[in-house]
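Visitor: You'll find data_31.tsv just under this line, and it carries TSV, C-alpha atoms and all ligand atoms.
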```tsv
chain	number	residue	atom	x	y	z
A	87	MET	CA	0.00	0.00	0.00
A	88	ASN	CA	1.77	3.12	-1.23
A	89	ILE	CA	0.72	6.35	0.49
A	90	ALA	CA	1.52	9.93	-0.52
A	91	ILE	CA	1.31	12.80	1.94
A	92	VAL	CA	0.32	16.34	1.17
A	93	GLY	CA	1.08	18.88	3.90
A	94	CYS	CA	4.36	18.50	5.81
A	95	GLY	CA	3.70	20.57	8.94
A	96	PHE	CA	3.62	19.70	12.67
A	97	TRP	CA	1.00	16.93	12.44
A	98	ALA	CA	2.47	15.21	9.36
A	99	THR	CA	5.50	13.90	11.27
A	100	TYR	CA	3.25	11.89	13.58
A	101	GLN	CA	0.96	10.82	10.78
A	102	VAL	CA	3.90	9.40	8.76
A	103	ALA	CA	5.32	7.71	11.88
A	104	GLY	CA	1.84	6.25	12.46
A	105	TRP	CA	1.68	4.80	8.94
A	106	ARG	CA	5.10	3.20	9.43
A	107	GLU	CA	3.73	1.12	12.34
A	108	LEU	CA	1.49	-0.77	9.90
A	109	PRO	CA	2.88	-3.73	7.94
A	110	GLY	CA	2.71	-3.43	4.18
A	111	VAL	CA	2.45	0.36	4.13
A	112	THR	CA	5.08	2.62	2.57
A	113	VAL	CA	5.00	6.39	2.42
A	114	VAL	CA	6.41	6.90	-1.07
A	115	ALA	CA	6.05	10.64	-1.60
A	116	VAL	CA	5.54	13.86	0.33
A	117	CYS	CA	4.41	17.26	-0.90
A	118	ASP	CA	4.31	20.76	0.56
A	119	ALA	CA	4.22	24.17	-1.11
A	120	ASP	CA	7.19	24.95	1.15
A	121	ALA	CA	9.99	22.85	-0.42
A	122	ALA	CA	12.14	22.94	2.73
A	123	LYS	CA	9.33	21.41	4.81
A	124	ALA	CA	8.78	18.64	2.23
A	125	ARG	CA	12.53	17.91	2.10
A	126	THR	CA	12.83	17.78	5.89
A	127	LEU	CA	9.95	15.33	6.26
A	128	ALA	CA	11.30	13.18	3.40
A	129	GLU	CA	14.79	13.12	4.93
A	130	THR	CA	13.46	12.25	8.40
A	131	PHE	CA	11.68	9.17	7.10
A	132	GLY	CA	13.74	8.30	4.00
A	133	VAL	CA	10.91	9.04	1.56
A	134	ALA	CA	11.98	9.06	-2.10
A	135	GLY	CA	9.43	11.38	-3.72
A	136	VAL	CA	9.52	15.07	-2.80
A	137	TYR	CA	7.10	17.54	-4.42
A	138	THR	CA	5.81	21.08	-4.05
A	139	ASP	CA	2.71	20.56	-6.22
A	140	ALA	CA	0.11	17.90	-5.42
A	141	ARG	CA	-1.08	17.63	-9.03
A	142	VAL	CA	2.48	16.94	-10.23
A	143	MET	CA	2.86	14.32	-7.48
A	144	LEU	CA	-0.41	12.58	-8.39
A	145	ASP	CA	0.55	12.56	-12.08
A	146	ALA	CA	4.01	11.16	-11.38
A	147	GLU	CA	3.53	8.63	-8.57
A	148	ARG	CA	1.67	5.32	-8.50
A	149	ILE	CA	-0.11	5.55	-5.17
A	150	ASP	CA	-2.92	3.70	-3.42
A	151	ALA	CA	-4.04	6.62	-1.25
A	152	LEU	CA	-3.42	10.32	-0.70
A	153	ASP	CA	-3.26	11.48	2.93
A	154	VAL	CA	-4.18	15.17	3.21
A	155	ILE	CA	-2.58	16.85	6.26
A	156	THR	CA	-2.94	20.50	5.28
A	157	SER	CA	-5.02	23.26	6.88
A	158	PRO	CA	-8.82	22.74	6.60
A	159	ASN	CA	-9.41	25.45	3.97
A	160	THR	CA	-7.28	23.48	1.46
A	161	HIS	CA	-8.81	20.01	2.08
A	162	ALA	CA	-11.60	20.33	-0.51
A	163	GLY	CA	-9.33	21.24	-3.44
A	164	LEU	CA	-7.00	18.35	-2.66
A	165	VAL	CA	-9.81	15.83	-2.18
A	166	LEU	CA	-11.32	16.86	-5.53
A	167	LEU	CA	-7.89	16.54	-7.14
A	168	ALA	CA	-7.55	13.01	-5.78
A	169	ALA	CA	-11.07	12.16	-7.00
A	170	GLU	CA	-10.12	13.47	-10.46
A	171	HIS	CA	-7.12	11.12	-10.43
A	172	GLY	CA	-9.19	8.17	-9.17
A	173	VAL	CA	-7.02	7.99	-6.03
A	174	PRO	CA	-8.58	7.08	-2.64
A	175	VAL	CA	-8.17	9.97	-0.25
A	176	ILE	CA	-7.94	10.55	3.50
A	177	THR	CA	-8.31	13.99	5.00
A	178	GLN	CA	-7.67	15.39	8.47
A	179	LYS	CA	-10.61	16.83	10.41
A	180	PRO	CA	-12.51	19.05	9.98
A	181	MET	CA	-13.19	17.87	6.44
A	182	ALA	CA	-13.77	21.53	5.46
A	183	ASN	CA	-14.79	24.74	7.16
A	184	ASP	CA	-18.44	24.65	6.09
A	185	LEU	CA	-21.09	21.97	5.74
A	186	GLU	CA	-21.87	22.63	2.06
A	187	THR	CA	-18.22	22.12	1.04
A	188	CYS	CA	-18.10	18.86	3.04
A	189	ARG	CA	-21.23	17.64	1.22
A	190	GLN	CA	-19.65	18.52	-2.13
A	191	MET	CA	-16.50	16.57	-1.20
A	192	VAL	CA	-18.51	13.47	-0.27
A	193	ASP	CA	-20.65	13.77	-3.44
A	194	ALA	CA	-17.64	14.29	-5.73
A	195	CYS	CA	-15.90	11.20	-4.35
A	196	GLU	CA	-19.08	9.14	-4.63
A	197	ARG	CA	-19.55	10.24	-8.25
A	198	ALA	CA	-15.92	9.40	-9.05
A	199	ASP	CA	-16.26	6.09	-7.13
A	200	VAL	CA	-13.27	7.11	-5.04
A	201	PRO	CA	-13.24	6.18	-1.32
A	202	LEU	CA	-13.05	9.20	1.01
A	203	PHE	CA	-12.03	8.83	4.65
A	204	VAL	CA	-11.66	11.35	7.45
A	205	HIS	CA	-8.78	10.83	9.85
A	206	GLU	CA	-10.99	11.20	12.93
A	207	ASN	CA	-8.82	9.58	15.58
A	208	PHE	CA	-10.27	10.41	19.04
A	209	ARG	CA	-12.83	7.58	18.85
A	210	TRP	CA	-9.82	5.27	18.32
A	211	GLN	CA	-8.14	6.16	21.61
A	212	THR	CA	-7.57	3.12	23.85
A	213	PRO	CA	-9.60	4.56	26.79
A	214	ILE	CA	-12.51	5.52	24.52
A	215	ARG	CA	-12.65	2.00	23.04
A	216	ALA	CA	-12.51	0.55	26.57
A	217	LEU	CA	-15.37	2.80	27.69
A	218	LYS	CA	-17.44	1.78	24.66
A	219	ALA	CA	-16.83	-1.89	25.48
A	220	VAL	CA	-18.25	-1.30	28.98
A	221	LEU	CA	-21.37	0.35	27.50
A	222	ASP	CA	-21.78	-2.48	24.97
A	223	SER	CA	-21.42	-5.13	27.68
A	224	GLY	CA	-24.65	-3.92	29.28
A	225	GLU	CA	-23.01	-3.80	32.71
A	226	ILE	CA	-24.32	-0.31	33.51
A	227	GLY	CA	-27.73	-0.99	31.96
A	228	THR	CA	-29.28	1.52	29.56
A	229	PRO	CA	-27.23	4.74	29.48
A	230	PHE	CA	-29.41	7.81	30.11
A	231	LYS	CA	-26.85	10.58	30.69
A	232	GLY	CA	-23.34	11.34	29.40
A	233	ARG	CA	-20.72	14.02	29.99
A	234	ILE	CA	-17.79	14.55	27.65
A	235	TYR	CA	-15.21	16.99	29.01
A	236	PHE	CA	-12.23	18.44	27.12
A	237	CYS	CA	-11.16	21.56	29.03
A	238	SER	CA	-7.57	22.71	29.29
A	239	GLY	CA	-5.16	25.63	29.38
A	240	PHE	CA	-2.64	23.89	27.09
A	241	PRO	CA	-1.05	26.41	24.68
A	242	VAL	CA	-2.16	24.68	21.47
A	243	PHE	CA	-1.34	27.81	19.48
A	244	ASP	CA	2.42	27.31	20.03
A	245	ASN	CA	2.48	24.14	17.88
A	246	GLN	CA	-0.45	24.98	15.59
A	247	PRO	CA	-0.41	28.79	15.16
A	248	PHE	CA	-3.18	28.77	12.50
A	249	LEU	CA	-5.64	27.81	15.25
A	250	ALA	CA	-5.34	31.34	16.66
A	251	GLU	CA	-6.35	32.85	13.31
A	252	ILE	CA	-9.50	30.91	12.51
A	253	GLU	CA	-12.88	32.52	13.11
A	254	GLN	CA	-14.49	29.26	14.24
A	255	PHE	CA	-12.05	27.60	16.58
A	256	ILE	CA	-12.89	25.20	19.38
A	257	ILE	CA	-16.09	23.62	18.05
A	258	SER	CA	-14.49	23.12	14.66
A	259	ASP	CA	-11.13	21.84	15.98
A	260	VAL	CA	-12.11	19.97	19.14
A	261	GLY	CA	-15.89	19.62	18.61
A	262	SER	CA	-15.09	17.54	15.52
A	263	HIS	CA	-13.61	15.06	18.00
A	264	THR	CA	-15.98	15.39	20.97
A	265	PHE	CA	-19.18	15.31	18.89
A	266	ASP	CA	-17.81	12.35	16.95
A	267	MET	CA	-17.16	10.56	20.25
A	268	ALA	CA	-20.72	11.37	21.35
A	269	ARG	CA	-22.01	9.70	18.18
A	270	PHE	CA	-19.64	6.75	18.61
A	271	LEU	CA	-20.69	6.19	22.23
A	272	PHE	CA	-24.36	7.16	22.22
A	273	GLY	CA	-25.65	7.04	18.63
A	274	GLU	CA	-27.05	9.86	16.50
A	275	PRO	CA	-28.18	13.26	17.85
A	276	ALA	CA	-31.76	14.55	17.75
A	277	ARG	CA	-31.19	18.21	18.75
A	278	LEU	CA	-28.68	20.43	20.49
A	279	PHE	CA	-28.20	23.74	22.24
A	280	CYS	CA	-24.80	25.45	22.47
A	281	ARG	CA	-23.28	28.51	24.13
A	282	THR	CA	-19.82	29.82	23.25
A	283	GLN	CA	-17.35	32.38	24.67
A	284	ARG	CA	-13.99	33.84	23.69
A	285	ILE	CA	-11.84	34.27	26.79
A	286	ASN	CA	-8.34	34.56	25.26
A	287	PRO	CA	-8.18	38.03	23.64
A	288	ARG	CA	-5.24	37.05	21.42
A	289	ILE	CA	-7.22	34.59	19.27
A	290	ARG	CA	-10.02	35.18	16.76
A	291	GLY	CA	-12.41	32.32	17.44
A	292	GLU	CA	-14.35	30.97	20.41
A	293	ASP	CA	-12.29	29.05	22.96
A	294	VAL	CA	-15.13	27.87	25.20
A	295	ALA	CA	-18.23	25.92	24.11
A	296	ASN	CA	-20.84	24.14	26.18
A	297	THR	CA	-23.33	21.98	24.31
A	298	LEU	CA	-26.32	20.03	25.54
A	299	ILE	CA	-27.36	17.28	23.13
A	300	ASP	CA	-30.48	15.09	23.12
A	301	MET	CA	-29.57	11.85	21.40
A	302	VAL	CA	-32.15	9.87	19.39
A	303	SER	CA	-31.86	7.12	22.03
A	304	GLY	CA	-33.23	9.52	24.67
A	305	LEU	CA	-29.85	9.94	26.37
A	306	THR	CA	-28.87	13.50	27.24
A	307	CYS	CA	-25.22	14.37	26.69
A	308	TYR	CA	-23.35	17.44	27.91
A	309	VAL	CA	-20.19	18.28	25.95
A	310	GLU	CA	-17.84	20.81	27.55
A	311	MET	CA	-14.86	22.22	25.65
A	312	SER	CA	-12.39	24.91	26.63
A	313	TYR	CA	-8.84	26.05	25.95
A	314	ALA	CA	-9.19	28.84	28.53
A	315	SER	CA	-9.33	26.69	31.66
A	316	VAL	CA	-6.71	27.26	34.36
A	317	LEU	CA	-6.97	24.03	36.32
A	318	GLU	CA	-5.09	22.41	39.18
A	319	SER	CA	-4.90	19.19	37.20
A	320	ASP	CA	-4.89	19.79	33.45
A	321	ALA	CA	-5.65	16.55	31.58
A	322	PHE	CA	-4.68	17.68	28.05
A	323	PRO	CA	-5.11	15.97	25.65
A	324	GLU	CA	-7.26	13.46	27.50
A	325	THR	CA	-11.03	13.55	27.20
A	326	LEU	CA	-12.76	12.84	30.51
A	327	ILE	CA	-16.09	11.08	30.20
A	328	SER	CA	-18.80	9.89	32.54
A	329	VAL	CA	-21.88	7.90	31.66
A	330	GLU	CA	-24.77	6.97	33.90
A	331	GLY	CA	-27.02	4.04	33.11
A	332	SER	CA	-30.02	2.31	34.67
A	333	ALA	CA	-27.78	-0.23	36.44
A	334	GLY	CA	-24.57	1.72	37.10
A	335	SER	CA	-22.10	4.25	35.85
A	336	VAL	CA	-18.72	4.43	34.18
A	337	GLU	CA	-16.20	7.20	34.56
A	338	LEU	CA	-13.04	7.79	32.52
A	339	ARG	CA	-10.71	9.78	34.76
A	340	LYS	CA	-7.42	11.54	34.11
A	341	GLY	CA	-4.63	8.96	33.80
A	342	PHE	CA	-6.86	6.51	31.88
A	343	ASP	CA	-8.55	4.79	34.77
A	344	LEU	CA	-11.98	3.62	33.99
A	345	ARG	CA	-14.14	3.24	37.09
A	346	ILE	CA	-17.16	1.04	36.67
A	347	THR	CA	-19.76	1.24	39.41
A	348	THR	CA	-22.81	-0.97	39.90
A	349	ARG	CA	-24.90	-1.66	42.99
A	350	SER	CA	-22.28	-4.27	43.95
A	351	GLY	CA	-19.44	-1.75	44.08
A	352	THR	CA	-16.73	-0.14	41.96
A	353	ARG	CA	-13.97	-1.79	39.98
A	354	VAL	CA	-11.16	-0.09	38.11
A	355	GLU	CA	-9.78	-0.95	34.68
A	356	TYR	CA	-6.67	0.75	33.33
A	357	ALA	CA	-7.06	1.73	29.70
A	358	ARG	CA	-3.59	3.08	28.96
A	359	PRO	CA	-2.69	3.70	25.32
A	360	PRO	CA	0.41	2.09	23.79
A	361	LEU	CA	3.47	4.34	24.05
A	362	TYR	CA	5.29	4.89	20.77
A	363	ALA	CA	8.86	6.18	20.82
A	364	TRP	CA	8.03	8.73	18.11
A	365	ALA	CA	5.01	10.18	19.92
A	366	ASN	CA	5.25	13.65	21.39
A	367	PRO	CA	4.76	13.04	25.16
A	368	ASP	CA	2.38	16.02	25.36
A	369	TYR	CA	0.07	14.31	22.86
A	370	ALA	CA	0.80	10.60	23.58
A	371	VAL	CA	-2.78	9.29	23.73
A	372	VAL	CA	-3.75	11.17	20.57
A	373	HIS	CA	-0.65	10.08	18.69
A	374	ALA	CA	-1.22	6.43	19.62
A	375	SER	CA	-4.74	6.68	18.21
A	376	ILE	CA	-3.32	7.74	14.82
A	377	VAL	CA	-2.09	4.16	14.38
A	378	ASP	CA	-5.47	2.59	15.20
A	379	CYS	CA	-7.35	5.07	13.03
A	380	ASN	CA	-4.97	4.44	10.13
A	381	ARG	CA	-5.28	0.67	10.63
A	382	ASN	CA	-9.05	0.91	10.34
A	383	ILE	CA	-8.84	3.12	7.24
A	384	LEU	CA	-6.35	0.67	5.76
A	385	SER	CA	-8.82	-2.19	6.19
A	386	GLY	CA	-11.32	-0.08	4.25
A	387	LEU	CA	-8.75	0.66	1.54
A	388	ARG	CA	-7.94	-3.06	1.27
A	389	HIS	CA	-11.63	-4.01	1.24
A	390	GLU	CA	-11.04	-6.17	4.32
A	391	GLY	CA	-13.82	-4.57	6.33
A	392	PRO	CA	-15.73	-1.33	6.64
A	393	ALA	CA	-13.84	1.73	7.83
A	394	GLU	CA	-15.70	3.70	10.50
A	395	THR	CA	-14.70	7.23	9.65
A	396	THR	CA	-15.74	7.52	6.02
A	397	GLY	CA	-16.55	10.93	4.54
A	398	ALA	CA	-20.28	10.02	4.53
A	399	ASP	CA	-20.18	9.03	8.19
A	400	ASN	CA	-18.21	12.12	9.19
A	401	LEU	CA	-20.81	14.37	7.52
A	402	GLN	CA	-23.03	13.59	10.51
A	403	THR	CA	-20.35	14.92	12.86
A	404	VAL	CA	-19.86	18.00	10.65
A	405	ARG	CA	-23.63	18.64	10.84
A	406	MET	CA	-23.33	18.74	14.63
A	407	VAL	CA	-20.39	21.16	14.48
A	408	HIS	CA	-22.37	23.62	12.35
A	409	ALA	CA	-25.58	23.10	14.30
A	410	ALA	CA	-23.63	24.09	17.42
A	411	TYR	CA	-22.41	27.29	15.72
A	412	GLU	CA	-25.94	28.05	14.57
A	413	SER	CA	-27.29	27.50	18.07
A	414	ALA	CA	-24.60	29.73	19.59
A	415	ARG	CA	-25.41	32.45	17.03
A	416	THR	CA	-29.20	32.32	17.27
A	417	GLY	CA	-29.73	31.19	20.85
A	418	GLU	CA	-32.04	28.48	19.46
A	419	VAL	CA	-32.21	24.72	19.90
A	420	ILE	CA	-31.24	23.14	16.56
A	421	LEU	CA	-33.00	20.02	15.31
A	422	LEU	CA	-30.78	17.37	13.75
A	423	LYS	CA	-32.98	14.33	13.42
A	424	GLY	CA	-33.97	13.36	9.86
B	1	LIG	O1	-6.21	16.33	17.11
B	1	LIG	C1	-6.31	17.55	17.17
B	1	LIG	O2	-7.17	18.13	16.59
B	1	LIG	C2	-5.35	18.36	17.99
B	1	LIG	C3	-5.51	18.07	19.46
B	1	LIG	C4	-4.54	18.86	20.22
B	1	LIG	C5	-6.93	18.35	19.94
B	1	LIG	O3	-5.26	16.75	19.64
B	1	LIG	O4	-5.52	19.69	17.70
```
Would you mind writing the structure in this file as structure tokens?

Guide:
Amino acid sequence: MNIAIVGCGFWATYQVAGWRELPGVTVVAVCDADAAKARTLAETFGVAGVYTDARVMLDAERIDALDVITSPNTHAGLVLLAAEHGVPVITQKPMANDLETCRQMVDACERADVPLFVHENFRWQTPIRALKAVLDSGEIGTPFKGRIYFCSGFPVFDNQPFLAEIEQFIISDVGSHTFDMARFLFGEPARLFCRTQRINPRIRGEDVANTLIDMVSGLTCYVEMSYASVLESDAFPETLISVEGSAGSVELRKGFDLRITTRSGTRVEYARPPLYAWANPDYAVVHASIVDCNRNILSGLRHEGPAETTGADNLQTVRMVHAAYESARTGEVILLKG
């Protein structure tokens, strides 16, 4: 499986390292408009093909998939380019900045019969999979209430400066993950209500968002996100989750302990992610999930099984992101069912 990368910034290093964990995968070419960045990434990983133009790369290389790791406003053009070349394509989240563009990307790939995947990795984190297994086991009965918490004071803008410039920040960047986890854990949403704030005066977008979601199942889910939180115990980049069900509860705490409580008591499972030598320690749980997300996409590419985070599936998450912005803007509850 030959993969080409477009976009050689901060995240690409981990994405390439993640691909290299999977047998039978070779990153054969990298591309960035900034030639020095492309050369550096290629030298780090011994990649032969180095390009500054994605079209030239797609014309020249025989590849099985294009992995798009650029900023969100460039995803659509590159996905359409891959579709034009008949090359399966993976894009980072968010698929694009607006819902209509995301729909066009999914439609264009469907028309061209080209598989489109979104590299949505949070649902692939070891602790999130472990929590889902507890829910699926029925041990806590029927879940009726969930809380998904991603609040931190971590200076994300140091590594990813473009995040300070975007008009829609935390719901688009982090909500893509938290809303996707809500869908993964609790099924599809029926309606939501969201409030946002901007606390950090040096950024353009909102850095706090609180969203209450009614799921189709009847479960109510509260999703809290913040990059303005000054906390005694900052869990970045861990997502803390609690779920209450008719027969018990499950809580994912900082440090990856999963506490499962029923009327007979509490037991603790440790859901620690694998530690990869190449992972940045500040992002270890997220970087480990790159491997699992890529493995699942690979099974889709090889027709071995369905991939979870297809473009069509991720459209449902994107709908939630934009419903949350609409709710924050209008003060209204936004219906999502149907
Ligand atoms: O995956 C991401 O979107 C990163 C984060 C720091 C949240 O992991 O920005």

Visitor: Which neighbours of A:Gly93 fall inside 8 Å, counting only C-alpha atoms, when residues of the same chain fewer than 5 positions from it are skipped, and could you give them as a list of chain:residue names?

Guide: A:Ala98, A:Val116, A:Cys117, A:Asp118, A:Ala119, A:Ala124, A:Val154, A:Ile155, A:Thr156

Visitor: My list of candidates is A:Glu251, A:Glu337, A:Asp378, A:Asp300. Which is closest to A:Met406 when distances are computed with only C-alpha atoms?

Guide: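 Residue with the minimum atom-to-atom distance to A:Met406: A:Asp300.
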
Visitor: Could you give me the axis-aligned bounding box of ligand LIG 1 (chain B), with 4 Å of padding per side, as centre plus edge lengths in Å to one decimal, as AutoDock Vina command-line options?

Guide:
```
--center_x -5.9 --center_y 18.0 --center_z 18.4 --size_x 10.6 --size_y 11.4 --size_z 11.6
```

Visitor: Can you tell me which residues sit at most 7 Å away from ligand LIG 1 (chain B), counting all atoms listed in the file, written as a ChimeraX atom specification?

Guide: /A:242,259-260,323,369,372

Visitor: If you measure from atom CA of A:Pro275 to atom CA of A:Leu422, what distance in Å do you get, rounded to one decimal?

Guide: 6.4 Å

Visitor: Using only C-alpha atoms, what table do you get, as JSON lines, when you list each residue of stretch 238-298 of chain A with an atom no more than 10 Å from stretch 214-224 of chain A, its nearest pair of atoms, and their distance in Å rounded to one decimal, rows by chain then rising number?

Guide:
```
{"residue": "A:Met267", "atom": "CA", "partner": "A:Ile214", "partner_atom": "CA", "distance": 8.1}
{"residue": "A:Phe270", "atom": "CA", "partner": "A:Lys218", "partner_atom": "CA", "distance": 8.1}
{"residue": "A:Leu271", "atom": "CA", "partner": "A:Lys218", "partner_atom": "CA", "distance": 6.0}
{"residue": "A:Phe272", "atom": "CA", "partner": "A:Lys218", "partner_atom": "CA", "distance": 9.1}
```

Visitor: How would the residues just picked look written out with C-alpha atoms as a tab-separated table (two decimals), in the coordinates of the input?

Guide:
```tsv
chain	number	residue	atom	x	y	z
A	267	MET	CA	-17.16	10.56	20.25
A	270	PHE	CA	-19.64	6.75	18.61
A	271	LEU	CA	-20.69	6.19	22.23
A	272	PHE	CA	-24.36	7.16	22.22
```

Visitor: Atom CA of A:Ile234 and atom CA of A:Tyr308 are how many Å apart?

Guide: 6.3 Å

Visitor: Stretch 132-186 of chain A from the block above, C-alpha atoms, as a compact mmCIF listing (two decimals), in the first residue's frame, please?

Guide:
```txt
# COMPACT_ATOMS: atom_id res chain seq x y z
CA GLY A 132 13.74 8.30 4.00
CA VAL A 133 10.91 9.04 1.56
CA ALA A 134 11.98 9.06 -2.10
CA GLY A 135 9.43 11.38 -3.72
CA VAL A 136 9.52 15.07 -2.80
CA TYR A 137 7.10 17.54 -4.42
CA THR A 138 5.81 21.08 -4.05
CA ASP A 139 2.71 20.56 -6.22
CA ALA A 140 0.11 17.90 -5.42
CA ARG A 141 -1.08 17.63 -9.03
CA VAL A 142 2.48 16.94 -10.23
CA MET A 143 2.86 14.32 -7.48
CA LEU A 144 -0.41 12.58 -8.39
CA ASP A 145 0.55 12.56 -12.08
CA ALA A 146 4.01 11.16 -11.38
CA GLU A 147 3.53 8.63 -8.57
CA ARG A 148 1.67 5.32 -8.50
CA ILE A 149 -0.11 5.55 -5.17
CA ASP A 150 -2.92 3.70 -3.42
CA ALA A 151 -4.04 6.62 -1.25
CA LEU A 152 -3.42 10.32 -0.70
CA ASP A 153 -3.26 11.48 2.93
CA VAL A 154 -4.18 15.17 3.21
CA ILE A 155 -2.58 16.85 6.26
CA THR A 156 -2.94 20.50 5.28
CA SER A 157 -5.02 23.26 6.88
CA PRO A 158 -8.82 22.74 6.60
CA ASN A 159 -9.41 25.45 3.97
CA THR A 160 -7.28 23.48 1.46
CA HIS A 161 -8.81 20.01 2.08
CA ALA A 162 -11.60 20.33 -0.51
CA GLY A 163 -9.33 21.24 -3.44
CA LEU A 164 -7.00 18.35 -2.66
CA VAL A 165 -9.81 15.83 -2.18
CA LEU A 166 -11.32 16.86 -5.53
CA LEU A 167 -7.89 16.54 -7.14
CA ALA A 168 -7.55 13.01 -5.78
CA ALA A 169 -11.07 12.16 -7.00
CA GLU A 170 -10.12 13.47 -10.46
CA HIS A 171 -7.12 11.12 -10.43
CA GLY A 172 -9.19 8.17 -9.17
CA VAL A 173 -7.02 7.99 -6.03
CA PRO A 174 -8.58 7.08 -2.64
CA VAL A 175 -8.17 9.97 -0.25
CA ILE A 176 -7.94 10.55 3.50
CA THR A 177 -8.31 13.99 5.00
CA GLN A 178 -7.67 15.39 8.47
CA LYS A 179 -10.61 16.83 10.41
CA PRO A 180 -12.51 19.05 9.98
CA MET A 181 -13.19 17.87 6.44
CA ALA A 182 -13.77 21.53 5.46
CA ASN A 183 -14.79 24.74 7.16
CA ASP A 184 -18.44 24.65 6.09
CA LEU A 185 -21.09 21.97 5.74
CA GLU A 186 -21.87 22.63 2.06
```
